[in-house]
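Asks: Structure file work.pdb, PDB, C-alpha atoms and all ligand atoms, is pasted below:
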```pdb
ATOM      1  CA  MET A  13    -127.194  -6.548 252.951
ATOM      2  CA  ILE A  14    -128.203  -3.497 250.970
ATOM      3  CA  CYS A  15    -127.823  -4.254 247.287
ATOM      4  CA  GLY A  16    -129.319  -3.773 243.855
ATOM      5  CA  ARG A  17    -129.711  -0.191 242.742
ATOM      6  CA  ILE A  18    -129.054   1.251 246.174
ATOM      7  CA  LYS A  19    -125.841   3.229 246.225
ATOM      8  CA  ALA A  20    -124.050   4.368 249.337
ATOM      9  CA  ARG A  21    -122.716   7.885 249.155
ATOM     10  CA  LEU A  22    -121.581  10.543 251.588
ATOM     11  CA  VAL A  23    -123.802  13.537 252.167
ATOM     12  CA  SER A  24    -122.580  16.065 254.720
ATOM     13  CA  GLY A  25    -120.654  13.420 256.614
ATOM     14  CA  ALA A  26    -123.447  10.848 256.817
ATOM     15  CA  VAL A  27    -123.811   7.657 254.860
ATOM     16  CA  VAL A  28    -126.949   7.810 252.806
ATOM     17  CA  PHE A  29    -128.469   4.869 250.989
ATOM     18  CA  LEU A  30    -129.908   6.253 247.845
ATOM     19  CA  LEU A  31    -132.472   4.484 245.720
ATOM     20  CA  GLY A  32    -133.046   5.983 242.303
ATOM     21  CA  GLU A  33    -130.540   8.466 241.088
ATOM     22  CA  THR A  34    -131.753  10.883 238.494
ATOM     23  CA  GLY A  35    -134.862  12.771 237.572
ATOM     24  CA  PHE A  36    -136.957  11.537 240.506
ATOM     25  CA  LYS A  37    -140.106  13.455 241.209
ATOM     26  CA  VAL A  38    -140.628  12.677 244.898
ATOM     27  CA  ARG A  39    -137.883  12.418 247.465
ATOM     28  CA  ILE A  40    -138.289  10.685 250.816
ATOM     29  CA  ASP A  41    -135.646  10.883 253.544
ATOM     30  CA  ILE A  42    -135.941   8.396 256.411
ATOM     31  CA  LEU A  43    -134.003   8.761 259.663
ATOM     32  CA  THR A  44    -133.450   5.517 261.542
ATOM     33  CA  LEU A  45    -131.119   3.707 263.906
ATOM     34  CA  PHE A  46    -131.424   0.566 261.744
ATOM     35  CA  PRO A  47    -130.857   1.402 258.052
ATOM     36  CA  GLN A  48    -130.393  -2.270 257.144
ATOM     37  CA  ILE A  49    -134.100  -2.941 257.880
ATOM     38  CA  PHE A  50    -134.995  -1.017 254.730
ATOM     39  CA  SER A  51    -132.789  -3.011 252.378
ATOM     40  CA  GLY A  52    -135.470  -5.555 251.381
ATOM     41  CA  PRO A  53    -138.879  -3.919 251.146
ATOM     42  CA  PHE A  54    -137.876  -1.106 248.822
ATOM     43  CA  LEU A  55    -136.182  -3.393 246.320
ATOM     44  CA  SER A  56    -139.125  -5.230 244.885
ATOM     45  CA  GLY A  57    -142.403  -4.951 243.004
ATOM     46  CA  ILE A  58    -144.145  -1.684 242.389
ATOM     47  CA  PHE A  59    -141.705   0.197 244.556
ATOM     48  CA  GLN A  60    -138.648  -0.838 242.623
ATOM     49  CA  ARG A  61    -140.383   0.013 239.364
ATOM     50  CA  ALA A  62    -141.167   3.472 240.710
ATOM     51  CA  VAL A  63    -137.517   3.936 241.640
ATOM     52  CA  ASN A  64    -136.253   2.615 238.310
ATOM     53  CA  ASN A  65    -138.634   4.902 236.436
ATOM     54  CA  GLY A  66    -137.330   7.907 238.326
ATOM     55  CA  LEU A  67    -140.617   8.607 240.103
ATOM     56  CA  VAL A  68    -139.332   8.344 243.642
ATOM     57  CA  SER A  69    -136.058   8.413 245.512
ATOM     58  CA  VAL A  70    -135.580   7.190 249.070
ATOM     59  CA  ASN A  71    -132.606   8.161 251.212
ATOM     60  CA  ILE A  72    -132.015   6.201 254.395
ATOM     61  CA  HIS A  73    -129.989   8.050 257.045
ATOM     62  CA  ASN A  74    -128.449   6.456 260.083
ATOM     63  CA  ILE A  75    -129.108   8.774 263.030
ATOM     64  CA  ARG A  76    -125.832   7.589 264.599
ATOM     65  CA  ASP A  77    -123.924   9.211 261.753
ATOM     66  CA  TYR A  78    -124.984  12.594 263.080
ATOM     67  CA  THR A  79    -123.376  12.150 266.501
ATOM     68  CA  HIS A  80    -119.963  13.585 267.345
ATOM     69  CA  ASP A  81    -118.820  11.468 270.291
ATOM     70  CA  LYS A  82    -116.516   8.468 270.084
ATOM     71  CA  HIS A  83    -119.293   5.940 270.798
ATOM     72  CA  HIS A  84    -121.977   7.511 268.576
ATOM     73  CA  ILE A  85    -124.445   7.715 271.436
ATOM     74  CA  VAL A  86    -128.012   8.472 270.374
ATOM     75  CA  ASP A  87    -129.939   7.835 273.601
ATOM     76  CA  ASP A  88    -129.801   8.706 277.274
ATOM     77  CA  TYR A  89    -131.637   8.091 280.549
ATOM     78  CA  PRO A  90    -134.940   9.919 281.026
ATOM     79  CA  TYR A  91    -134.833  12.932 283.329
ATOM     80  CA  GLY A  92    -136.918  12.150 286.401
ATOM     81  CA  GLY A  93    -136.129   8.443 286.184
ATOM     82  CA  GLY A  94    -138.165   5.612 284.740
ATOM     83  CA  ALA A  95    -137.647   2.616 282.514
ATOM     84  CA  GLY A  96    -135.861   2.651 279.169
ATOM     85  CA  MET A  97    -133.854   5.142 277.191
ATOM     86  CA  VAL A  98    -134.883   8.251 275.293
ATOM     87  CA  LEU A  99    -133.527   9.393 271.912
ATOM     88  CA  LYS A 100    -131.392  12.495 272.293
ATOM     89  CA  PRO A 101    -132.412  15.579 270.336
ATOM     90  CA  GLU A 102    -129.023  16.677 268.925
ATOM     91  CA  PRO A 103    -128.393  14.053 266.192
ATOM     92  CA  ILE A 104    -131.993  14.222 265.003
ATOM     93  CA  PHE A 105    -132.017  18.023 264.723
ATOM     94  CA  GLU A 106    -128.644  17.873 262.978
ATOM     95  CA  ALA A 107    -129.738  15.185 260.510
ATOM     96  CA  VAL A 108    -132.845  17.129 259.508
ATOM     97  CA  ALA A 109    -130.855  20.364 259.148
ATOM     98  CA  GLN A 110    -128.295  18.654 256.885
ATOM     99  CA  ILE A 111    -130.981  17.041 254.758
ATOM    100  CA  LYS A 112    -132.649  20.423 254.293
ATOM    101  CA  GLU A 113    -129.308  21.942 253.270
ATOM    102  CA  THR A 114    -129.080  19.480 250.376
ATOM    103  CA  LEU A 115    -132.443  20.553 248.954
ATOM    104  CA  LYS A 116    -132.547  22.567 245.794
ATOM    105  CA  PRO A 117    -135.065  25.385 246.193
ATOM    106  CA  GLU A 118    -138.103  24.390 244.174
ATOM    107  CA  GLU A 119    -140.522  26.954 242.926
ATOM    108  CA  GLY A 120    -143.679  26.995 244.995
ATOM    109  CA  ALA A 121    -142.515  24.188 247.286
ATOM    110  CA  GLY A 122    -142.521  25.047 250.983
ATOM    111  CA  PRO A 123    -140.331  23.295 253.536
ATOM    112  CA  PRO A 124    -140.906  19.517 253.537
ATOM    113  CA  PRO A 125    -143.083  17.999 256.260
ATOM    114  CA  VAL A 126    -140.976  16.495 259.048
ATOM    115  CA  ILE A 127    -142.981  13.481 260.161
ATOM    116  CA  LEU A 128    -142.400  11.947 263.563
ATOM    117  CA  LEU A 129    -143.580   8.351 263.852
ATOM    118  CA  THR A 130    -145.241   7.813 267.199
ATOM    119  CA  PRO A 131    -148.177   5.848 268.613
ATOM    120  CA  GLN A 132    -149.376   9.249 269.873
ATOM    121  CA  GLY A 133    -149.662  10.737 266.368
ATOM    122  CA  ARG A 134    -152.694  11.311 264.172
ATOM    123  CA  PRO A 135    -153.998   8.010 262.808
ATOM    124  CA  PHE A 136    -152.676   7.050 259.372
ATOM    125  CA  CYS A 137    -155.339   6.320 256.781
ATOM    126  CA  GLN A 138    -155.845   6.541 253.013
ATOM    127  CA  GLN A 139    -156.728  10.243 253.210
ATOM    128  CA  VAL A 140    -153.454  10.978 255.003
ATOM    129  CA  ALA A 141    -151.593   8.915 252.374
ATOM    130  CA  GLN A 142    -153.299  10.997 249.685
ATOM    131  CA  GLU A 143    -152.362  14.222 251.451
ATOM    132  CA  LEU A 144    -148.703  13.150 251.789
ATOM    133  CA  SER A 145    -148.539  12.056 248.148
ATOM    134  CA  GLY A 146    -149.028  15.713 247.206
ATOM    135  CA  HIS A 147    -145.606  16.687 248.596
ATOM    136  CA  SER A 148    -142.425  16.526 246.539
ATOM    137  CA  HIS A 149    -140.336  15.775 249.632
ATOM    138  CA  LEU A 150    -141.004  14.038 252.945
ATOM    139  CA  ILE A 151    -138.719  13.613 255.940
ATOM    140  CA  ILE A 152    -139.717  10.700 258.186
ATOM    141  CA  ILE A 153    -138.175  10.061 261.626
ATOM    142  CA  CYS A 154    -138.290   6.560 263.136
ATOM    143  CA  GLY A 155    -138.042   6.335 266.915
ATOM    144  CA  HIS A 156    -136.842   3.518 269.122
ATOM    145  CA  TYR A 157    -136.527   2.639 272.820
ATOM    146  CA  GLU A 158    -138.918   4.866 274.798
ATOM    147  CA  GLY A 159    -139.203   7.343 271.946
ATOM    148  CA  PHE A 160    -137.946  10.890 271.448
ATOM    149  CA  ASP A 161    -136.900  13.759 273.662
ATOM    150  CA  GLU A 162    -140.036  15.926 273.688
ATOM    151  CA  ARG A 163    -138.184  18.854 272.079
ATOM    152  CA  VAL A 164    -137.990  16.877 268.816
ATOM    153  CA  ARG A 165    -141.762  16.800 268.806
ATOM    154  CA  GLN A 166    -142.152  20.422 269.882
ATOM    155  CA  TYR A 167    -139.557  22.201 267.776
ATOM    156  CA  LEU A 168    -138.641  19.965 264.824
ATOM    157  CA  ALA A 169    -141.557  17.783 263.756
ATOM    158  CA  THR A 170    -144.313  19.348 261.706
ATOM    159  CA  ASP A 171    -146.495  16.226 261.775
ATOM    160  CA  GLU A 172    -146.883  13.168 264.001
ATOM    161  CA  ILE A 173    -148.309   9.956 262.593
ATOM    162  CA  SER A 174    -149.369   6.665 264.178
ATOM    163  CA  ILE A 175    -150.121   3.583 262.084
ATOM    164  CA  GLY A 176    -152.457   2.173 264.722
ATOM    165  CA  ASP A 177    -153.336   1.879 268.359
ATOM    166  CA  TYR A 178    -150.545  -0.498 269.302
ATOM    167  CA  VAL A 179    -146.889  -0.027 270.153
ATOM    168  CA  LEU A 180    -144.088  -1.179 267.862
ATOM    169  CA  SER A 181    -140.535  -1.413 269.114
ATOM    170  CA  GLY A 182    -139.374   0.953 266.391
ATOM    171  CA  GLY A 183    -140.745   3.292 263.752
ATOM    172  CA  GLU A 184    -139.269   1.357 260.804
ATOM    173  CA  PRO A 185    -142.318  -0.848 260.045
ATOM    174  CA  ALA A 186    -144.491   2.275 260.296
ATOM    175  CA  ALA A 187    -142.230   4.118 257.830
ATOM    176  CA  MET A 188    -142.509   1.209 255.377
ATOM    177  CA  VAL A 189    -146.289   1.185 255.651
ATOM    178  CA  ILE A 190    -146.529   4.926 255.049
ATOM    179  CA  VAL A 191    -144.003   5.018 252.197
ATOM    180  CA  ASP A 192    -145.709   2.088 250.453
ATOM    181  CA  ALA A 193    -149.175   3.638 250.749
ATOM    182  CA  VAL A 194    -147.907   7.021 249.520
ATOM    183  CA  VAL A 195    -145.749   5.785 246.642
ATOM    184  CA  ARG A 196    -148.517   3.709 245.035
ATOM    185  CA  LEU A 197    -150.576   6.903 244.776
ATOM    186  CA  LEU A 198    -147.940   8.799 242.809
ATOM    187  CA  PRO A 199    -148.866   9.356 239.175
ATOM    188  CA  GLY A 200    -147.300   6.711 236.940
ATOM    189  CA  VAL A 201    -146.441   4.221 239.702
ATOM    190  CA  LEU A 202    -149.352   1.826 239.180
ATOM    191  CA  GLY A 203    -150.067   0.509 235.700
ATOM    192  CA  SER A 204    -153.434   2.243 235.713
ATOM    193  CA  GLU A 205    -154.619   5.212 237.763
ATOM    194  CA  ALA A 206    -157.938   3.361 238.109
ATOM    195  CA  SER A 207    -156.322   0.680 240.271
ATOM    196  CA  SER A 208    -155.833   3.027 243.193
ATOM    197  CA  ARG A 209    -159.058   4.940 242.508
ATOM    198  CA  ASP A 210    -161.137   1.777 243.100
ATOM    199  CA  ASP A 211    -159.089   0.540 246.052
ATOM    200  CA  SER A 212    -160.701   0.108 249.434
ATOM    201  CA  HIS A 213    -160.789   3.411 251.354
ATOM    202  CA  ALA A 214    -159.925   5.537 248.296
ATOM    203  CA  ALA A 215    -163.494   6.852 248.073
ATOM    204  CA  GLY A 216    -164.697   5.898 251.533
ATOM    205  CA  LEU A 217    -165.881   2.399 250.553
ATOM    206  CA  LEU A 218    -164.317  -1.053 250.670
ATOM    207  CA  GLU A 219    -163.559  -2.522 247.261
ATOM    208  CA  TYR A 220    -166.020  -4.832 245.487
ATOM    209  CA  PRO A 221    -165.183  -8.576 245.191
ATOM    210  CA  GLN A 222    -162.691  -9.480 242.468
ATOM    211  CA  TYR A 223    -162.567 -12.672 240.378
ATOM    212  CA  THR A 224    -160.228 -14.085 237.770
ATOM    213  CA  ARG A 225    -160.171 -17.256 235.635
ATOM    214  CA  PRO A 226    -161.430 -19.974 235.737
ATOM    215  CA  ALA A 227    -165.071 -18.940 235.381
ATOM    216  CA  VAL A 228    -166.076 -21.956 237.475
ATOM    217  CA  TYR A 229    -163.759 -23.359 240.136
ATOM    218  CA  ARG A 230    -164.789 -26.460 242.116
ATOM    219  CA  GLY A 231    -168.347 -25.726 241.091
ATOM    220  CA  TRP A 232    -168.193 -22.133 242.359
ATOM    221  CA  PRO A 233    -169.112 -19.789 239.499
ATOM    222  CA  VAL A 234    -168.041 -16.203 238.947
ATOM    223  CA  PRO A 235    -171.087 -13.842 239.076
ATOM    224  CA  GLU A 236    -172.635 -13.868 235.638
ATOM    225  CA  VAL A 237    -172.683 -10.100 235.202
ATOM    226  CA  LEU A 238    -168.868 -10.065 235.174
ATOM    227  CA  LEU A 239    -168.857 -12.348 232.119
ATOM    228  CA  SER A 240    -171.514 -10.322 230.310
ATOM    229  CA  GLY A 241    -169.216  -7.770 228.687
ATOM    230  CA  ASN A 242    -171.783  -5.103 229.622
ATOM    231  CA  HIS A 243    -169.557  -2.452 231.171
ATOM    232  CA  ALA A 244    -172.378  -0.304 232.539
ATOM    233  CA  GLN A 245    -173.932  -3.305 234.289
ATOM    234  CA  ILE A 246    -170.548  -4.385 235.622
ATOM    235  CA  ALA A 247    -169.829  -0.900 237.004
ATOM    236  CA  LYS A 248    -173.285  -0.818 238.647
ATOM    237  CA  TRP A 249    -172.810  -4.287 240.178
ATOM    238  CA  ARG A 250    -169.383  -3.368 241.502
ATOM    239  CA  ARG A 251    -170.623  -0.161 243.064
ATOM    240  CA  GLN A 252    -173.495  -1.996 244.771
ATOM    241  CA  GLN A 253    -171.161  -4.739 245.980
ATOM    242  CA  ALA A 254    -168.753  -2.141 247.377
ATOM    243  CA  ILE A 255    -171.634  -0.534 249.306
ATOM    244  CA  ARG A 256    -172.916  -3.912 250.521
ATOM    245  CA  ARG A 257    -169.467  -5.023 251.606
ATOM    246  CA  THR A 258    -168.788  -1.763 253.425
ATOM    247  CA  LEU A 259    -172.118  -2.079 255.221
ATOM    248  CA  GLU A 260    -171.288  -5.651 256.249
ATOM    249  CA  ARG A 261    -167.765  -5.009 257.462
ATOM    250  CA  ARG A 262    -167.286  -1.329 258.223
ATOM    251  CA  PRO A 263    -170.730   0.294 258.468
ATOM    252  CA  GLU A 264    -169.292   3.411 260.127
ATOM    253  CA  LEU A 265    -167.478   4.264 256.869
ATOM    254  CA  LEU A 266    -170.800   4.788 255.108
ATOM    255  CA  ASP A 267    -171.550   7.861 257.232
ATOM    256  CA  LYS A 268    -168.801   9.761 255.418
ATOM    257  CA  ALA A 269    -168.965   8.041 251.997
ATOM    258  CA  GLN A 270    -170.334  10.022 249.075
ATOM    259  CA  LEU A 271    -173.480   8.142 248.089
ATOM    260  CA  SER A 272    -176.268   9.163 245.754
ATOM    261  CA  PRO A 273    -179.850   9.291 247.128
ATOM    262  CA  GLU A 274    -180.519   5.942 245.357
ATOM    263  CA  GLU A 275    -177.467   4.440 247.006
ATOM    264  CA  ARG A 276    -178.610   5.705 250.426
ATOM    265  CA  GLN A 277    -181.932   3.971 249.716
ATOM    266  CA  LEU A 278    -180.045   0.789 248.872
ATOM    267  CA  VAL A 279    -178.273   0.998 252.234
ATOM    268  CA  SER A 280    -181.611   1.412 254.053
ATOM    269  CA  ARG A 281    -183.090  -1.513 252.126
ATOM    270  CA  LEU A 282    -180.151  -3.769 252.905
ATOM    271  CA  LYS A 283    -180.394  -2.829 256.585
ATOM    272  CA  GLU A 284    -184.148  -3.483 256.639
ATOM    273  CA  ASP A 285    -183.736  -6.810 254.840
ATOM    274  CA  GLY A 286    -181.162  -7.767 257.420
ATOM    275  CA  THR A 287    -179.006  -9.060 254.583
ATOM    276  CA  CYS A 288    -176.093  -7.098 255.992
TER     277      CYS A 288
HETATM  278  N1  LIG B   1    -142.913   5.150 274.845
HETATM  279  C1  LIG B   1    -143.555   5.505 273.619
HETATM  280  C2  LIG B   1    -145.023   5.816 273.898
HETATM  281  O1  LIG B   1    -145.615   5.196 274.750
HETATM  282  O2  LIG B   1    -145.607   6.682 273.205
HETATM  283  C3  LIG B   1    -143.482   4.355 272.620
HETATM  284  C4  LIG B   1    -142.120   4.146 272.083
HETATM  285  S1  LIG B   1    -142.049   2.832 270.914
HETATM  286  C5  LIG B   1    -141.520   1.499 271.927
HETATM  287  C6  LIG B   1    -140.608   3.176 269.975
HETATM  288  C7  LIG B   1    -140.840   3.867 268.652
HETATM  289  O3  LIG B   1    -141.578   3.032 267.792
HETATM  290  C8  LIG B   1    -141.595   5.162 268.697
HETATM  291  O4  LIG B   1    -140.769   6.248 269.034
HETATM  292  C9  LIG B   1    -142.137   5.277 267.291
HETATM  293  O5  LIG B   1    -141.211   5.855 266.401
HETATM  294  C10 LIG B   1    -142.345   3.819 266.899
HETATM  295  N2  LIG B   1    -143.750   3.409 267.024
HETATM  296  C11 LIG B   1    -144.258   2.563 267.941
HETATM  297  N3  LIG B   1    -145.552   2.369 267.763
HETATM  298  C12 LIG B   1    -145.911   3.108 266.687
HETATM  299  C13 LIG B   1    -147.141   3.327 266.004
HETATM  300  N4  LIG B   1    -148.272   2.757 266.387
HETATM  301  N5  LIG B   1    -147.119   4.148 264.929
HETATM  302  C14 LIG B   1    -145.990   4.751 264.522
HETATM  303  N6  LIG B   1    -144.797   4.581 265.140
HETATM  304  C15 LIG B   1    -144.754   3.771 266.205
END
```
Once you've parsed the file, please lay out its structure as structure tokens.
Ligand code: SAM
Replies:
Amino acid sequence: MICGRIKARLVSGAVVFLLGETGFKVRIDILTLFPQIFSGPFLSGIFQRAVNNGLVSVNIHNIRDYTHDKHHIVDDYPYGGGAGMVLKPEPIFEAVAQIKETLKPEEGAGPPPVILLTPQGRPFCQQVAQELSGHSHLIIICGHYEGFDERVRQYLATDEISIGDYVLSGGEPAAMVIVDAVVRLLPGVLGSEASSRDDSHAAGLLEYPQYTRPAVYRGWPVPEVLLSGNHAQIAKWRRQQAIRRTLERRPELLDKAQLSPEERQLVSRLKEDGTC
């Protein structure tokens, strides 16, 4: 059941679930066959705060609402035969066209990216999230069944994104992953900009270990430097831990990470020591 601040309204003949009403800075339109899936995840935590503070607005569109036949058919058999059904192009093209018609021309803003979710797309990662967070509007299309008629990919989508090398039954979980990762990067969404700056993958490294109270739990102490109050030492320790952890778990990330010559030496030393 969609509830809370989500309002249902009619835009160009389609029911749109709208989160956040006025003054939002980033607008995200999601096309789906299952709008109800989105009712929970966008109504809690950081996301809801972002909506309430007018930083983001999410519109969920039911692709079926853009059909014109009695049974609201959105799929059909694949030409050439084969298993499963394929999403028809007409309602998807129509939905995107109607969404674009509702846009107010913004100075300097080009047409919004139209993102097709597909396991064949470019891999989603923090850099892609950062890139998408620079747009004031995103249109995201969730597939289902065997996916889309190829003409959606060829003539409508401007981007294709995969959230990993596995196949989901629908694009909705992928849309949630992408929207979450993008929204937390928007200015003002997290309490402190530093939180996302230090996150794993933000600067090509995994994050350093974090501790909170108590200082000793079951005899396991928090590293002393963190209790020292010496901010320079703490920053140095964290940076070294982030490098060490990345080397242990995802050594391939270090090839692209921006490291100082001293930090490169640290990596060599850790490798030689065999401590990682
Ligand atoms: N037959 C398609 C193929 O092999 O490329 C897969 C279709 S999949 C069962 C149905 C829908 O789920 C896709 O159209 C896409 O929107 C979504 N989907 C599945 N896996 C995904 C992934 N790894 N990343 C993003 N979307 C995915």
Asks: Can you tell me, as a list in words, what residues are no more than 12 Å from A:His80 when counting only C-alpha atoms, ignoring any on the same chain fewer than 4 positions away?
Replies: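 Close residues of A:His80: Gly25, Ala26, Ile75, Arg76, His84, Ile85, Val86, Glu102, Pro103 and Glu106 of chain A.
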Asks: Starting from the shown file, work through the PyMOL selection byres (((chain A and resi 252-261) around 6) and not hetatm) and note down what comes out as a VMD selection string.
Replies: chain A and resid 217 to 220 249 to 251 262 to 263 288
Asks: What gap, in Å, lies between atom CA of A:Ile104 and atom CA of A:Thr44?
Replies: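 Result for atom CA of A:Ile104 versus atom CA of A:Thr44: 9.5 Å, one decimal.
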Asks: Quick one: pull the distance between atom CA of A:Leu239 and atom CA of A:Ser212, Å, one decimal.
Replies: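 Here the two named atoms are 22.8 Å from each other.
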Asks: Looking at all atoms listed in the file, which of A:Ile175, A:Leu43, A:Val279, A:Leu55 is the one that sits closest to A:Ile153?
Replies: A:Leu43
Asks: Where does chain A meet ligand LIG 1 (chain B) within 12 Å, residue by residue, with the nearest atom pair and distance in Å to one decimal for each, counting only C-alpha atoms and all ligand atoms, listed by chain and rising number, as CSV?
Replies:
```
residue,atom,partner,partner_atom,distance
A:Ile42,CA,B:LIG1,O5,11.6
A:Leu43,CA,B:LIG1,O5,10.3
A:Thr44,CA,B:LIG1,O5,9.2
A:Leu45,CA,B:LIG1,O5,10.6
A:Asp87,CA,B:LIG1,O4,11.9
A:Pro90,CA,B:LIG1,N1,11.2
A:Gly94,CA,B:LIG1,N1,11.0
A:Ala95,CA,B:LIG1,N1,9.6
A:Gly96,CA,B:LIG1,N1,8.6
A:Met97,CA,B:LIG1,N1,9.4
A:Val98,CA,B:LIG1,N1,8.6
A:Leu99,CA,B:LIG1,O4,8.4
A:Lys100,CA,B:LIG1,O4,11.7
A:Ile127,CA,B:LIG1,O5,10.0
A:Leu128,CA,B:LIG1,O5,6.8
A:Leu129,CA,B:LIG1,N6,4.2
A:Thr130,CA,B:LIG1,N6,3.9
A:Pro131,CA,B:LIG1,C13,3.8
A:Gln132,CA,B:LIG1,O2,5.6
A:Gly133,CA,B:LIG1,N5,7.2
A:Arg134,CA,B:LIG1,N5,9.1
A:Pro135,CA,B:LIG1,N5,8.2
A:Phe136,CA,B:LIG1,N5,8.4
A:Cys137,CA,B:LIG1,N5,11.8
A:Ile152,CA,B:LIG1,O5,9.7
A:Ile153,CA,B:LIG1,O5,7.1
A:Cys154,CA,B:LIG1,O5,4.4
A:Gly155,CA,B:LIG1,O5,3.2
A:His156,CA,B:LIG1,C6,3.9
A:Tyr157,CA,B:LIG1,C6,5.0
A:Glu158,CA,B:LIG1,N1,4.0
A:Gly159,CA,B:LIG1,O4,3.5
A:Phe160,CA,B:LIG1,O4,5.9
A:Asp161,CA,B:LIG1,O4,9.6
A:Glu162,CA,B:LIG1,O4,10.8
A:Val164,CA,B:LIG1,O4,11.0
A:Arg165,CA,B:LIG1,O4,10.6
A:Asp171,CA,B:LIG1,C14,11.8
A:Glu172,CA,B:LIG1,C14,8.5
A:Ile173,CA,B:LIG1,C14,6.0
A:Ser174,CA,B:LIG1,N5,3.5
A:Ile175,CA,B:LIG1,N5,4.2
A:Gly176,CA,B:LIG1,N4,4.5
A:Asp177,CA,B:LIG1,N4,5.5
A:Tyr178,CA,B:LIG1,N4,4.9
A:Val179,CA,B:LIG1,N3,3.6
A:Leu180,CA,B:LIG1,C11,3.7
A:Ser181,CA,B:LIG1,C5,4.2
A:Gly182,CA,B:LIG1,O3,3.3
A:Gly183,CA,B:LIG1,C10,3.6
A:Glu184,CA,B:LIG1,C10,7.3
A:Pro185,CA,B:LIG1,N6,7.8
A:Ala186,CA,B:LIG1,C14,5.1
A:Ala187,CA,B:LIG1,C14,7.7
A:Met188,CA,B:LIG1,C14,10.4
A:Val189,CA,B:LIG1,C14,9.6
A:Ile190,CA,B:LIG1,C14,9.5
```
Asks: Determine the nearest neighbour of A:Gly57 from the options A:Asp88, A:Glu113, A:Asp192, A:Asp210, counting only C-alpha atoms.
Replies: A:Asp192
Asks: Could you tell me which of A:Ala247, A:Ile49, A:Val70, A:Val194 comes closest to A:Gln142 if we count all atoms listed in the file?
Replies: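 Ranking A:Ala247, A:Ile49, A:Val70, A:Val194 by distance to A:Gln142, first place goes to A:Val194.
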Asks: Restricting the calculation to only C-alpha atoms, which member of A:Pro117, A:Tyr78, A:His149, A:Pro273 is positioned closest to A:Asp41?
Replies: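 The shortest atom-to-atom distance to A:Asp41 comes from A:His149.
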Asks: So how far away is atom CA of A:Val126 from atom CA of A:Ile151, in Å?
Replies: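 Taking atom CA of A:Ile151 as the start and atom CA of A:Val126 as the end point, the length is 4.8 Å.
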Asks: Go through the shown structure with the PyMOL selection byres (((chain A and resi 270) around 9) and not hetatm) and write out the matching residues as a list in words.
Replies: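 For this structure, the PyMOL selection byres (((chain A and resi 270) around 9) and not hetatm) resolves to Ala215, Gly216, Leu217, Leu266, Asp267, Lys268, Ala269, Leu271 and Ser272 of chain A.
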Asks: Counting all atoms listed in the file, which of A:Val191, A:Val201, A:Ser207, A:Val234 gets nearest to A:Pro53?
Replies: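 Of A:Val191, A:Val201, A:Ser207, A:Val234, the one nearest A:Pro53, counting all atoms listed in the file, is A:Val191.
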Asks: Working from the structure I just supplied, which lacks atoms in stretch 98-109 of chain A, can you model N, CA and C atoms there and output them as a PDB file, keeping the file's coordinate frame?
Replies:
```pdb
ATOM      1  N   VAL A  98    -134.182   7.274 276.137  1.00  0.00           N
ATOM      2  CA  VAL A  98    -134.883   8.251 275.293  1.00  0.00           C
ATOM      3  C   VAL A  98    -133.909   8.733 274.216  1.00  0.00           C
ATOM      4  N   LEU A  99    -134.401   8.909 272.995  1.00  0.00           N
ATOM      5  CA  LEU A  99    -133.527   9.393 271.912  1.00  0.00           C
ATOM      6  C   LEU A  99    -133.168  10.856 272.137  1.00  0.00           C
ATOM      7  N   LYS A 100    -131.890  11.136 272.054  1.00  0.00           N
ATOM      8  CA  LYS A 100    -131.392  12.495 272.293  1.00  0.00           C
ATOM      9  C   LYS A 100    -131.802  13.415 271.131  1.00  0.00           C
ATOM     10  N   PRO A 101    -131.977  14.695 271.427  1.00  0.00           N
ATOM     11  CA  PRO A 101    -132.412  15.579 270.336  1.00  0.00           C
ATOM     12  C   PRO A 101    -131.314  15.929 269.332  1.00  0.00           C
ATOM     13  N   GLU A 102    -130.046  16.067 269.807  1.00  0.00           N
ATOM     14  CA  GLU A 102    -129.023  16.677 268.925  1.00  0.00           C
ATOM     15  C   GLU A 102    -128.851  15.991 267.564  1.00  0.00           C
ATOM     16  N   PRO A 103    -128.636  14.639 267.524  1.00  0.00           N
ATOM     17  CA  PRO A 103    -128.393  14.053 266.192  1.00  0.00           C
ATOM     18  C   PRO A 103    -129.598  14.159 265.264  1.00  0.00           C
ATOM     19  N   ILE A 104    -130.788  14.168 265.850  1.00  0.00           N
ATOM     20  CA  ILE A 104    -131.993  14.222 265.003  1.00  0.00           C
ATOM     21  C   ILE A 104    -132.154  15.625 264.409  1.00  0.00           C
ATOM     22  N   PHE A 105    -131.957  16.646 265.240  1.00  0.00           N
ATOM     23  CA  PHE A 105    -132.017  18.023 264.723  1.00  0.00           C
ATOM     24  C   PHE A 105    -130.947  18.211 263.644  1.00  0.00           C
ATOM     25  N   GLU A 106    -129.753  17.680 263.927  1.00  0.00           N
ATOM     26  CA  GLU A 106    -128.644  17.873 262.978  1.00  0.00           C
ATOM     27  C   GLU A 106    -128.924  17.160 261.653  1.00  0.00           C
ATOM     28  N   ALA A 107    -129.443  15.937 261.736  1.00  0.00           N
ATOM     29  CA  ALA A 107    -129.738  15.185 260.510  1.00  0.00           C
ATOM     30  C   ALA A 107    -130.747  15.946 259.651  1.00  0.00           C
ATOM     31  N   VAL A 108    -131.808  16.429 260.278  1.00  0.00           N
ATOM     32  CA  VAL A 108    -132.845  17.129 259.508  1.00  0.00           C
ATOM     33  C   VAL A 108    -132.266  18.408 258.895  1.00  0.00           C
ATOM     34  N   ALA A 109    -131.441  19.120 259.674  1.00  0.00           N
ATOM     35  CA  ALA A 109    -130.855  20.364 259.148  1.00  0.00           C
ATOM     36  C   ALA A 109    -129.986  20.046 257.934  1.00  0.00           C
TER      37      ALA A 109
END
```
